[in-house]
Structure formats: C-alpha cells, structure tokens
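J.: Provided herewith: coords25.txt, compact mmCIF, C-alpha atoms.
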```
# COMPACT_ATOMS: atom_id res chain seq x y z
CA MET A 218 92.66 185.29 84.81
CA GLU A 219 91.65 187.20 87.92
CA ILE A 220 94.21 188.38 90.46
CA GLY A 221 92.98 189.58 93.85
CA ILE A 222 95.20 192.22 95.47
CA ALA A 223 94.94 192.11 99.25
CA GLY A 224 96.90 192.76 102.42
CA LEU A 225 96.81 194.49 105.76
CA PRO A 226 95.66 198.14 105.89
CA GLY A 227 98.41 200.54 104.80
CA SER A 228 100.45 197.94 102.94
CA GLY A 229 100.30 199.85 99.65
CA LYS A 230 97.80 197.57 97.88
CA THR A 231 96.13 200.33 95.91
CA THR A 232 99.48 201.84 94.96
CA LEU A 233 100.44 198.50 93.42
CA PHE A 234 96.99 198.22 91.79
CA ASN A 235 97.50 201.64 90.18
CA ALA A 236 100.95 200.61 88.98
CA LEU A 237 99.80 197.29 87.51
CA ALA A 238 96.58 198.59 85.94
CA HIS A 239 97.66 202.16 85.08
CA GLN A 240 94.78 203.48 87.18
CA HIS A 241 94.34 206.46 89.51
CA ALA A 242 92.36 204.88 92.34
CA HIS A 243 92.31 206.80 95.61
CA ILE A 244 95.18 205.94 97.93
CA GLY A 245 95.00 206.20 101.69
CA GLY A 246 92.38 203.70 102.71
CA TYR A 247 88.64 203.57 102.18
CA ALA A 248 85.77 202.56 104.39
CA GLY A 249 83.64 200.82 101.78
CA VAL A 250 83.85 197.22 100.69
CA GLU A 251 83.51 197.65 96.92
CA PRO A 252 86.85 196.84 95.28
CA ASN A 253 88.80 198.70 92.64
CA LEU A 254 88.58 196.81 89.34
CA ALA A 255 90.63 196.97 86.15
CA VAL A 256 91.22 194.78 83.10
CA VAL A 257 94.76 194.86 81.71
CA LYS A 258 96.18 193.57 78.44
CA VAL A 259 99.01 191.11 79.05
CA PRO A 260 102.18 192.11 77.19
CA ASP A 261 103.50 189.18 75.16
CA GLU A 262 106.49 189.52 72.85
CA ARG A 263 105.49 186.31 71.07
CA LEU A 264 102.12 187.73 70.05
CA ASP A 265 103.79 190.98 68.99
CA LYS A 266 106.08 189.07 66.62
CA LEU A 267 103.20 187.07 65.17
CA SER A 268 101.30 190.31 64.51
CA ALA A 269 104.39 191.81 62.89
CA LEU A 270 104.40 188.80 60.55
CA PHE A 271 100.70 188.72 59.64
CA GLN A 272 99.83 192.44 59.95
CA PRO A 273 96.33 191.47 61.14
CA VAL A 274 93.22 193.63 61.35
CA LYS A 275 93.01 192.85 65.08
CA HIS A 276 95.75 192.29 67.67
CA THR A 277 94.21 190.74 70.79
CA PRO A 278 96.41 190.02 73.83
CA ALA A 279 95.27 187.95 76.77
CA GLU A 280 93.69 189.87 79.63
CA VAL A 281 94.13 189.92 83.39
CA ARG A 282 91.48 191.32 85.72
CA PHE A 283 92.86 192.93 88.87
CA ILE A 284 90.65 193.24 91.95
CA ASP A 285 91.94 195.51 94.73
CA VAL A 286 90.00 195.01 97.98
CA ALA A 287 90.00 196.99 101.21
CA GLY A 288 92.58 196.14 103.85
CA VAL A 289 92.05 192.87 105.70
CA ALA A 290 91.84 194.01 109.31
CA LYS A 291 92.39 191.87 112.39
CA GLY A 292 89.29 189.88 113.29
CA MET A 293 87.83 189.97 109.80
CA GLY A 294 88.55 186.28 109.27
CA GLN A 295 86.10 185.39 112.06
CA GLU A 296 83.32 187.13 110.16
CA SER A 297 82.61 184.40 107.62
CA SER A 298 80.29 186.68 105.63
CA ALA A 299 82.78 189.56 105.41
CA ALA A 300 82.19 191.20 102.04
CA VAL A 301 85.84 192.11 101.57
CA LEU A 302 86.94 188.48 101.76
CA ALA A 303 83.99 187.39 99.62
CA HIS A 304 85.44 189.37 96.69
CA LEU A 305 88.59 187.23 96.89
CA ARG A 306 86.86 183.85 96.79
CA THR A 307 86.40 183.94 93.01
CA VAL A 308 89.93 184.98 91.98
CA ASP A 309 92.50 182.62 90.47
CA VAL A 310 95.53 184.01 92.32
CA LEU A 311 95.91 186.00 95.52
CA LEU A 312 98.47 188.77 95.46
CA GLN A 313 99.36 189.58 99.06
CA VAL A 314 101.04 192.97 99.44
CA ILE A 315 103.37 193.51 102.39
CA GLY A 316 104.45 197.08 103.12
CA ALA A 317 108.18 196.56 103.49
CA PHE A 318 108.60 200.36 103.39
CA GLN A 319 107.05 200.44 106.88
CA LEU A 320 110.35 199.98 108.68
CA GLU A 321 108.71 199.62 112.09
CA ARG A 322 106.93 196.47 110.92
CA GLU A 323 108.36 193.02 110.31
CA PRO A 324 107.38 191.54 106.91
CA THR A 325 107.15 187.99 108.27
CA SER A 326 104.78 189.15 111.03
CA ASP A 327 102.56 190.89 108.47
CA PHE A 328 102.53 187.73 106.35
CA GLU A 329 101.48 185.59 109.31
CA GLU A 330 98.84 188.07 110.53
CA PHE A 331 97.21 188.32 107.12
CA ASN A 332 97.21 184.57 106.52
CA LEU A 333 95.75 183.91 109.97
CA GLU A 334 92.67 185.90 108.95
CA LEU A 335 92.32 183.83 105.76
CA GLN A 336 92.70 180.60 107.73
CA LEU A 337 90.04 181.68 110.23
CA ALA A 338 87.66 182.60 107.40
CA ASP A 339 88.11 179.20 105.72
CA LEU A 340 87.79 177.38 109.04
CA SER A 341 84.54 179.18 109.81
CA GLN A 342 83.10 178.07 106.47
CA ILE A 343 84.23 174.48 107.03
CA GLU A 344 82.83 174.20 110.54
CA LYS A 345 79.38 175.43 109.51
CA ARG A 346 79.26 173.17 106.46
CA VAL A 347 80.52 170.09 108.33
CA ASP A 348 77.87 170.53 111.03
CA ARG A 349 75.16 170.73 108.39
CA LEU A 350 76.43 167.77 106.35
CA GLU A 351 76.80 165.55 109.42
CA LYS A 352 73.25 166.37 110.47
CA GLU A 353 71.81 165.70 107.00
CA LEU A 354 73.65 162.39 106.63
CA ARG A 355 72.78 161.30 110.15
CA LEU A 356 69.08 162.02 109.68
CA GLY A 357 69.02 160.50 106.22
CA SER A 358 67.77 163.63 104.48
CA LYS A 359 65.97 163.33 101.17
CA GLY A 360 68.10 162.86 98.12
CA THR A 361 69.25 160.33 95.56
CA PRO A 362 72.03 157.84 96.31
CA ALA A 363 74.29 159.91 94.03
CA GLU A 364 73.55 163.06 96.03
CA ARG A 365 74.29 161.27 99.29
CA THR A 366 77.58 159.99 97.86
CA ALA A 367 78.50 163.55 96.80
CA LYS A 368 77.78 164.83 100.32
CA GLU A 369 79.89 162.06 101.85
CA ARG A 370 82.78 162.92 99.51
CA GLU A 371 82.48 166.62 100.33
CA LEU A 372 82.40 165.92 104.06
CA ALA A 373 85.49 163.71 103.84
CA VAL A 374 87.48 166.48 102.11
CA LEU A 375 86.36 169.11 104.61
CA GLN A 376 87.34 166.84 107.49
CA ARG A 377 90.81 166.52 105.97
CA LEU A 378 91.22 170.28 105.71
CA ARG A 379 89.84 171.27 109.12
CA PRO A 380 92.72 170.00 111.33
CA VAL A 381 95.26 171.57 108.96
CA LEU A 382 93.64 174.99 109.32
CA GLU A 383 93.27 174.50 113.07
CA ALA A 384 97.03 173.90 113.19
CA GLY A 385 97.62 177.30 111.54
CA LYS A 386 98.51 176.02 108.08
CA PRO A 387 96.90 176.95 104.75
CA ALA A 388 94.65 174.42 103.04
CA ARG A 389 96.96 174.20 100.02
CA THR A 390 99.46 172.24 102.13
CA VAL A 391 97.05 169.32 101.65
CA ALA A 392 97.48 167.43 98.37
CA LEU A 393 93.99 167.02 96.91
CA GLU A 394 92.94 164.81 94.03
CA PRO A 395 91.01 166.44 91.14
CA ASP A 396 87.71 164.91 92.30
CA GLU A 397 88.33 166.24 95.82
CA GLU A 398 89.03 169.72 94.47
CA LYS A 399 85.81 169.56 92.48
CA ALA A 400 83.84 168.53 95.58
CA ILE A 401 84.73 171.75 97.42
CA ALA A 402 85.22 174.13 94.48
CA SER A 403 82.10 176.17 95.30
CA PHE A 404 83.57 177.38 98.60
CA GLY A 405 86.42 179.33 97.03
CA PHE A 406 88.65 178.63 100.04
CA LEU A 407 91.15 181.48 100.34
CA THR A 408 94.05 179.41 101.64
CA LEU A 409 93.73 176.98 98.73
CA LYS A 410 94.51 179.72 96.21
CA PRO A 411 97.99 180.16 94.71
CA THR A 412 99.54 183.13 96.48
CA LEU A 413 102.09 185.63 95.19
CA VAL A 414 103.60 187.66 98.02
CA VAL A 415 104.82 191.09 96.89
CA LEU A 416 107.15 193.04 99.16
CA ASN A 417 106.25 196.66 98.51
CA LEU A 418 109.54 198.53 98.87
CA ALA A 419 110.44 202.17 99.30
CA ASP A 420 112.00 203.75 96.18
CA ASP A 421 115.56 203.40 97.46
CA GLN A 422 115.08 200.23 99.48
CA ASP A 423 116.98 197.02 98.73
CA GLY A 424 114.59 194.11 99.22
CA ARG A 425 117.18 191.39 98.76
CA ALA A 426 117.73 191.11 102.51
CA LEU A 427 113.99 190.77 103.18
CA VAL A 428 113.01 188.22 100.56
CA PRO A 429 114.92 185.22 102.05
CA GLY A 430 113.09 185.49 105.38
CA LEU A 431 109.71 185.24 103.68
CA GLN A 432 110.94 182.51 101.36
CA ASP A 433 112.01 180.47 104.39
CA LEU A 434 108.56 181.00 105.90
CA THR A 435 106.78 179.86 102.73
CA ARG A 436 109.18 177.12 101.64
CA GLU A 437 106.90 174.32 102.87
CA VAL A 438 103.74 175.92 101.46
CA PRO A 439 102.92 174.86 97.88
CA LEU A 440 101.86 177.41 95.28
CA THR A 441 103.48 180.32 97.09
CA SER A 442 106.06 182.71 95.67
CA VAL A 443 107.78 185.91 96.84
CA ILE A 444 108.98 188.90 94.82
CA ALA A 445 109.93 192.47 95.75
CA LEU A 446 109.38 195.74 93.90
CA PRO A 447 109.02 199.47 94.67
CA GLY A 448 105.28 200.01 94.23
CA LYS A 449 105.23 203.81 94.45
CA LEU A 450 108.09 204.14 91.96
CA GLU A 451 106.40 201.70 89.57
CA MET A 452 103.17 203.69 89.82
CA GLU A 453 104.98 206.94 89.02
CA LEU A 454 106.75 205.33 86.06
CA GLY A 455 103.41 204.15 84.72
CA GLU A 456 102.15 207.74 84.64
CA LEU A 457 105.01 208.84 82.36
CA SER A 458 105.42 208.47 78.62
CA PRO A 459 107.68 205.57 77.58
CA GLU A 460 110.44 208.05 76.70
CA ASP A 461 110.23 209.91 80.01
CA ALA A 462 109.98 206.64 81.94
CA ALA A 463 113.15 205.34 80.27
CA GLU A 464 114.97 208.57 81.10
CA PHE A 465 113.73 208.47 84.71
CA MET A 466 114.82 204.85 85.16
CA GLN A 467 118.23 205.64 83.71
CA ALA A 468 118.64 208.51 86.17
CA LEU A 469 117.73 206.18 89.04
CA GLY A 470 119.94 203.37 87.78
CA VAL A 471 116.91 201.12 87.20
CA SER A 472 117.23 198.99 84.08
CA LEU A 473 113.80 197.34 83.87
CA SER A 474 110.35 197.59 85.42
CA GLU A 475 109.51 194.65 87.67
CA LEU A 476 105.77 194.74 86.99
CA GLY A 477 105.99 192.12 84.23
CA ALA A 478 107.24 189.64 86.80
CA VAL A 479 103.93 189.89 88.67
CA THR A 480 101.81 188.60 85.79
CA THR A 481 104.43 186.06 84.70
CA GLU A 482 104.65 184.60 88.20
CA ALA A 483 100.86 184.65 88.63
CA TYR A 484 100.50 182.61 85.42
CA ARG A 485 103.05 180.11 86.72
CA LEU A 486 101.38 179.75 90.11
CA ALA A 487 97.95 179.29 88.53
CA ASP A 488 99.45 176.75 86.09
CA LEU A 489 98.23 178.77 83.11
CA ILE A 490 99.77 178.97 79.64
CA SER A 491 99.05 180.80 76.40
CA PHE A 492 98.44 179.48 72.91
CA PHE A 493 97.84 181.58 69.82
CA THR A 494 95.69 181.82 66.74
CA ALA A 495 97.27 183.82 63.95
CA GLY A 496 96.18 185.12 60.57
CA GLU A 497 95.39 188.25 58.60
CA ASP A 498 92.09 188.79 60.38
CA GLU A 499 93.40 188.48 63.93
CA CYS A 500 96.39 187.43 65.99
CA ARG A 501 95.19 186.47 69.45
CA ALA A 502 96.49 184.98 72.69
CA TRP A 503 94.31 182.49 74.57
CA THR A 504 94.77 181.50 78.21
CA ILE A 505 94.28 177.87 79.24
CA ARG A 506 95.34 175.63 82.10
CA ARG A 507 98.47 173.58 81.52
CA GLY A 508 97.52 170.06 80.45
CA THR A 509 94.52 171.14 78.34
CA ASN A 510 93.98 169.01 75.24
CA ALA A 511 93.47 170.36 71.73
CA GLN A 512 89.72 169.81 71.66
CA ASP A 513 89.17 171.68 74.93
CA ALA A 514 91.52 174.46 73.78
CA ALA A 515 89.43 174.73 70.63
CA GLY A 516 86.40 175.17 72.86
CA GLU A 517 88.02 178.23 74.41
CA ILE A 518 87.94 179.82 70.96
CA HIS A 519 84.34 178.76 70.25
CA SER A 520 82.15 175.90 71.44
CA ASP A 521 81.43 174.92 67.81
CA LEU A 522 85.13 174.21 67.27
CA ALA A 523 85.14 171.71 70.12
CA ARG A 524 81.90 170.00 69.06
CA GLY A 525 82.98 169.60 65.44
CA PHE A 526 86.69 169.11 66.10
CA ILE A 527 88.53 167.11 63.42
CA ARG A 528 92.17 167.93 64.06
CA ALA A 529 94.53 170.79 64.87
CA GLU A 530 97.39 172.08 62.78
CA VAL A 531 100.09 172.98 65.29
CA ILE A 532 103.37 174.89 65.04
CA ARG A 533 105.57 176.61 67.59
CA TRP A 534 105.23 180.40 67.41
CA ASP A 535 108.98 180.93 66.89
CA ARG A 536 109.11 178.36 64.08
CA LEU A 537 106.27 180.18 62.32
CA VAL A 538 108.06 183.52 62.67
CA GLU A 539 111.28 181.94 61.44
CA ALA A 540 109.53 180.44 58.41
CA GLY A 541 107.94 183.77 57.52
CA SER A 542 104.58 182.31 56.44
CA GLU A 543 102.32 179.33 57.01
CA ALA A 544 103.09 178.02 53.52
CA ALA A 545 106.84 178.13 54.16
CA ALA A 546 106.39 176.47 57.56
CA LYS A 547 104.47 173.61 55.96
CA LYS A 548 107.14 173.28 53.29
CA HIS A 549 109.75 172.89 56.06
CA GLY A 550 107.60 170.22 57.68
CA TRP A 551 107.19 172.27 60.87
CA VAL A 552 103.38 172.13 60.94
CA ARG A 553 102.07 169.02 62.71
CA GLN A 554 98.64 167.39 62.50
CA GLU A 555 97.37 166.61 65.99
CA GLY A 556 94.21 164.93 67.28
CA LYS A 557 91.82 165.93 70.03
CA SER A 558 93.93 164.36 72.81
CA TYR A 559 97.05 166.40 71.97
CA ILE A 560 98.18 168.40 75.03
CA VAL A 561 98.65 172.01 73.99
CA ALA A 562 102.03 173.51 74.89
CA ASP A 563 102.80 177.07 75.90
CA GLY A 564 103.54 179.05 72.73
CA ASP A 565 101.73 176.74 70.29
CA VAL A 566 99.95 178.33 67.32
CA LEU A 567 96.78 176.38 66.51
CA HIS A 568 94.62 176.22 63.41
CA ILE A 569 91.50 174.16 64.18
CA LEU A 570 89.83 172.09 61.45
CA PHE A 571 86.22 171.22 62.28
CA ASN A 572 82.84 170.12 60.91
CA VAL A 573 80.08 172.72 60.97
```
Can the structure in the file be given as structure tokens, please?

T.:
Amino acid sequence: MEIGIAGLPGSGKTTLFNALAHQHAHIGGYAGVEPNLAVVKVPDERLDKLSALFQPVKHTPAEVRFIDVAGVAKGMGQESSAAVLAHLRTVDVLLQVIGAFQLEREPTSDFEEFNLELQLADLSQIEKRVDRLEKELRLGSKGTPAERTAKERELAVLQRLRPVLEAGKPARTVALEPDEEKAIASFGFLTLKPTLVVLNLADDQDGRALVPGLQDLTREVPLTSVIALPGKLEMELGELSPEDAAEFMQALGVSLSELGAVTTEAYRLADLISFFTAGEDECRAWTIRRGTNAQDAAGEIHSDLARGFIRAEVIRWDRLVEAGSEAAAKKHGWVRQEGKSYIVADGDVLHILFNV
C-alpha cells in the first residue's frame, strides 16, 4: 500500500513522515518537487504470534510505502501538470496533514483550501479529456466499435464527475460502479482517493475540541476520516530506544503512541485486509482488497498458485495459535477446505494446494 503525505506548506508533513517512517528528512520546506520516500514494515501482533508458534526462518510483515511531497501551494491545482500533485496520483490513500499547532490558522479553512487545489487539478484533467473525447467521437475517429464504446463510457463518467467538482465537492461523493471506476482509473483523480486527515498537534495540545469541526465538515464525504496526534512528539519518541521512549511517555502522561492508528485507519479507508501464510520456512502477511477470492489471493503469493489452484486450507490465525500446531488444528476440525470462490477474511491463514 502507498500512502501519500500532503498538505499546505508548513503543516508539519515531513515531521509526520519522519515519525511514521523513522526517517531524518529535512524539515522546514524544500523547493524541489522530488518527494521523500520510505518503506515501513507494518506491525501486526497476529503475525508476531504466528512466528512465535512456528519459529520460522523468515518473518515478513506487510509493507507500507510513504511518499511525502512538497507543500501544495495556492494555485497549484490549476497547473494540471504540477509534478508535486503527479506524485500523489498513484497512491492508494491520501494523508492530509493540517498544522493544528498553528494557532493563528483555522483547521477547517486549511482543509478546504487544500481540497480546493485537488478539485481544481482533477477538474482541469477532466475538461481537457472531455474536449478531446467529444471531438474524437463527433468526427468518428478511427477505432474499433469496442474502442468507441470504451470512449463513450469514459466520457459518460467524466461528465458525471465534472459538475460535482465544479460545485466544490470531491469526486468520491459520486457513487461509481466498478466498470465506471475502471474506465477512469488511469487518471488517478486525487479527490477520488480515500483521505485520512491528520491534525498535527503541538506536544501539549488537546485536539479533542478540533476534531468534531472537521468531522462535521467531512461527514457527507465518503472515504474520509479524521484523527489527531502530536507529530513532533511522535517523531522525537521514534528517535529513542523503546525503553527511553516508554520512560518519556510515562513522564508526559502518554500511555500509547498514536502512530499505529494511521496505518490501521489507512487500511480501513482503502478497504484492505491481511491474510497470512505460516510455516517453518516463513510466516508472512499479505495485503489484499476486501472481497478478494481465494484464487486471486493465491495469485498474490505467486501467479503459479492461481493458475494451478485446487483448493485452500483455511484457518483463523487465533485458532491456529490456540491449537498450537497445524496437526492439532486439523484434529479439532478447525481447518476448512475452501474452493477458488471463497472470499478471504481478514486474519485467515491460507495453505494453497495447486497443480504444477
């Protein structure tokens, strides 16, 4: 999964990036357009317990790639080719950082200003593409009947989205069918992406009074969530040893880091889940979209497993840990035999049987 960290200049994006990715990227703004990049292992207590059971040679958590782009300045959304925004078009989830520590600024205003730039960028793309499609279809440009049908479908979707963006709303307020999403997938529209809004607090700031205002603003917008955390404090904690961090948090009266909530909420917004493969060679977490069937999940492990799929042996991770071994789990009758159409659930442990 890729998470794009963005926001207005000075919101504390890179501070949060450093906290999440345990990096030391320069803070204070930068003129270039190349983003900060980091790949982070996703902590998962379920995988830890499976590894404790099997004692595997390899322990492989899922990974999240964080992309921290330069600040989105006013007017950037009208530059449809802006490189900064282009970096965000390929991510799975947008993480919008709002600098709540900037007491002279209003978080809801920052939210609206940032999202206006994304709406303008998407609208610019749509207008150019609609003009081109209308011209091609009107002139009867070369192409097969199937290609013409695809263009007509794409145009219809874009014409549904355009008035929504013109009205100042994000594209994800429009309910699209899977075939409609596929028709416009190549654009990477920014306002279609699930968005996690993070209020970046000062160390001693209580964000509880600020969150409801943003939640009210986003209540009618699907795939949008709001959390608050002290980015600078979290970054400083990440630079300490676990022992020193625990002592520091105790001194501050902080019981638990909030960083885990970022990844957890991003998974939820992107409708992603984890399943596991477990054995003495490797215990590994795999990320798939909710609703994926067993054959397609097998393909995430290796394409040969999907092509030669026979069936999947499935057990819940906690049942396997409770049983203490695969043999004991089978003796209890907790291991199920499932076919290719089985919908994999979050926390399933799969053993794929296949033909070579």

J.: Dump as a list in words all residues having an atom at most 7 Å from (108.1, 197.7, 96.0), computed in the file's coordinates with all atoms listed in the file.

T.: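 Taken together, the residues in range are Leu416, Asn417, Leu418, Ala419, Ala445, Leu446, Pro447, Gly448 and Lys449 of chain A.
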
J.: Distance cut-off 8 Å, centre (98.3, 164.7, 75.0) in file coordinates, counting all atoms listed in the file: which residues qualify? Return them as a PyMOL selection string.

T.: chain A and resi 508+510+558-561

J.: Determine the nearest neighbour of A:Ala545 from the options A:Ile532, A:Lys399, A:Val479, A:Thr361, counting only C-alpha atoms.

T.: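 Among the listed residues, A:Ile532 lies closest to A:Ala545.
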
J.: For atom CA of A:Glu334 and atom CA of A:Val286, quote the distance in Å rounded to one decimal.

T.: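 One can read the atom CA of A:Glu334 to atom CA of A:Val286 distance as 14.5 Å.
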
J.: Please, what distance in Å, to one decimal, runs between atom CA of A:Val414 and atom CA of A:Ile444?

T.: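 So the answer is 6.4 Å.
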
J.: Pick the closest to A:Ala478 from A:Gly525, A:Gly424, A:Pro226, A:Pro260: which is it, counting all atoms listed in the file?

T.: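 Ranking A:Gly525, A:Gly424, A:Pro226, A:Pro260 by distance to A:Ala478, first place goes to A:Pro260.
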
J.: Would you kindly return, as a PyMOL selection string, each protein, DNA or RNA residue with an atom no farther than 9 Å from any atom of A:Gln342, considering all atoms listed in the file and excluding same-chain residues fewer than 5 positions away?

T.: chain A and resi 297+337+347+404+406

J.: Mind checking which residues fall within 9 Å of A:Gln554, counting only C-alpha atoms, ignoring those fewer than 2 positions away in the same chain, and posting them as a PyMOL selection string?

T.: chain A and resi 528-531+552+556

J.: Tell me, in Å to one decimal, how far atom CA of A:Arg346 is from atom CA of A:Ala299.

T.: 16.8 Å

J.: Counting only C-alpha atoms, which residues of stretch 359-450 of chain A sit at most 12 Å from some atom of stretch 301-307 of chain A, and what is each one's closest atom pair with its distance in Å to one decimal, listed by chain and rising residue number, as CSV?

T.:
```
residue,atom,partner,partner_atom,distance
A:Ala402,CA,A:Thr307,CA,10.0
A:Ser403,CA,A:Arg306,CA,9.2
A:Phe404,CA,A:Arg306,CA,7.5
A:Gly405,CA,A:Arg306,CA,4.5
A:Phe406,CA,A:Arg306,CA,6.4
A:Leu407,CA,A:Arg306,CA,6.1
A:Thr408,CA,A:Arg306,CA,9.7
A:Leu409,CA,A:Arg306,CA,9.9
A:Lys410,CA,A:Arg306,CA,8.7
A:Pro411,CA,A:Arg306,CA,11.9
A:Thr412,CA,A:Leu305,CA,11.7
```

J.: A:Leu570, A:Leu454, A:Val274, A:Leu340: which is nearest A:Asn235, counting only C-alpha atoms?

T.: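 Smallest distance to A:Asn235 is found for A:Leu454.
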
J.: Between A:Cys500, A:Ala338, A:Leu393, A:Ala511, single out the one closest to A:Asp261, counting all atoms listed in the file.

T.: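 Selected residue with least distance to A:Asp261: A:Cys500.
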
J.: Select, from A:Leu372, A:Leu522, A:Ile527, A:Leu254, the residue with the minimum atom-to-atom distance to A:Phe283, counting all atoms listed in the file.

T.: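 So, comparing all the options, the nearest one is A:Leu254.
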
J.: Pick out the closest residue to A:Lys230 from this set: A:Glu451, A:Asp285, A:Asp521, A:Asp563. Count only C-alpha atoms.

T.: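 Of A:Glu451, A:Asp285, A:Asp521, A:Asp563, the one nearest A:Lys230 is A:Asp285, counting only C-alpha atoms.
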
J.: Would you mind listing what lies within 12 Å of A:Asp396 as a ChimeraX atom specification, with all atoms listed in the file counted and same-chain residues fewer than 3 positions away left out?

T.: /A:367,370-371,373-374,392-393,399-402

J.: Find the residues around A:Phe234 up to 12 Å (all atoms listed in the file counted), leave out those fewer than 5 positions away in its own chain, and share them as a ChimeraX atom specification.

T.: /A:220-224,228-229,239-244,252-257,282-287,312-314,415,417,448-449,451-452,455,476,479

J.: Keeping only C-alpha atoms, write those residues as a compact mmCIF listing (two decimals), in the frame of the given file.

T.:
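The resulting file, out.txt, is reproduced below:
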```txt
# COMPACT_ATOMS: atom_id res chain seq x y z
CA ILE A 220 94.21 188.38 90.46
CA GLY A 221 92.98 189.58 93.85
CA ILE A 222 95.20 192.22 95.47
CA ALA A 223 94.94 192.11 99.25
CA GLY A 224 96.90 192.76 102.42
CA SER A 228 100.45 197.94 102.94
CA GLY A 229 100.30 199.85 99.65
CA HIS A 239 97.66 202.16 85.08
CA GLN A 240 94.78 203.48 87.18
CA HIS A 241 94.34 206.46 89.51
CA ALA A 242 92.36 204.88 92.34
CA HIS A 243 92.31 206.80 95.61
CA ILE A 244 95.18 205.94 97.93
CA PRO A 252 86.85 196.84 95.28
CA ASN A 253 88.80 198.70 92.64
CA LEU A 254 88.58 196.81 89.34
CA ALA A 255 90.63 196.97 86.15
CA VAL A 256 91.22 194.78 83.10
CA VAL A 257 94.76 194.86 81.71
CA ARG A 282 91.48 191.32 85.72
CA PHE A 283 92.86 192.93 88.87
CA ILE A 284 90.65 193.24 91.95
CA ASP A 285 91.94 195.51 94.73
CA VAL A 286 90.00 195.01 97.98
CA ALA A 287 90.00 196.99 101.21
CA LEU A 312 98.47 188.77 95.46
CA GLN A 313 99.36 189.58 99.06
CA VAL A 314 101.04 192.97 99.44
CA VAL A 415 104.82 191.09 96.89
CA ASN A 417 106.25 196.66 98.51
CA GLY A 448 105.28 200.01 94.23
CA LYS A 449 105.23 203.81 94.45
CA GLU A 451 106.40 201.70 89.57
CA MET A 452 103.17 203.69 89.82
CA GLY A 455 103.41 204.15 84.72
CA LEU A 476 105.77 194.74 86.99
CA VAL A 479 103.93 189.89 88.67
```

J.: Set the distance at 9 Å and use all atoms listed in the file: which residues neighbour A:Gly227 once local chain neighbours fewer than 3 positions away are removed? I'd like the list as a ChimeraX atom specification.

T.: /A:224,230,245-246,288,315-316,319
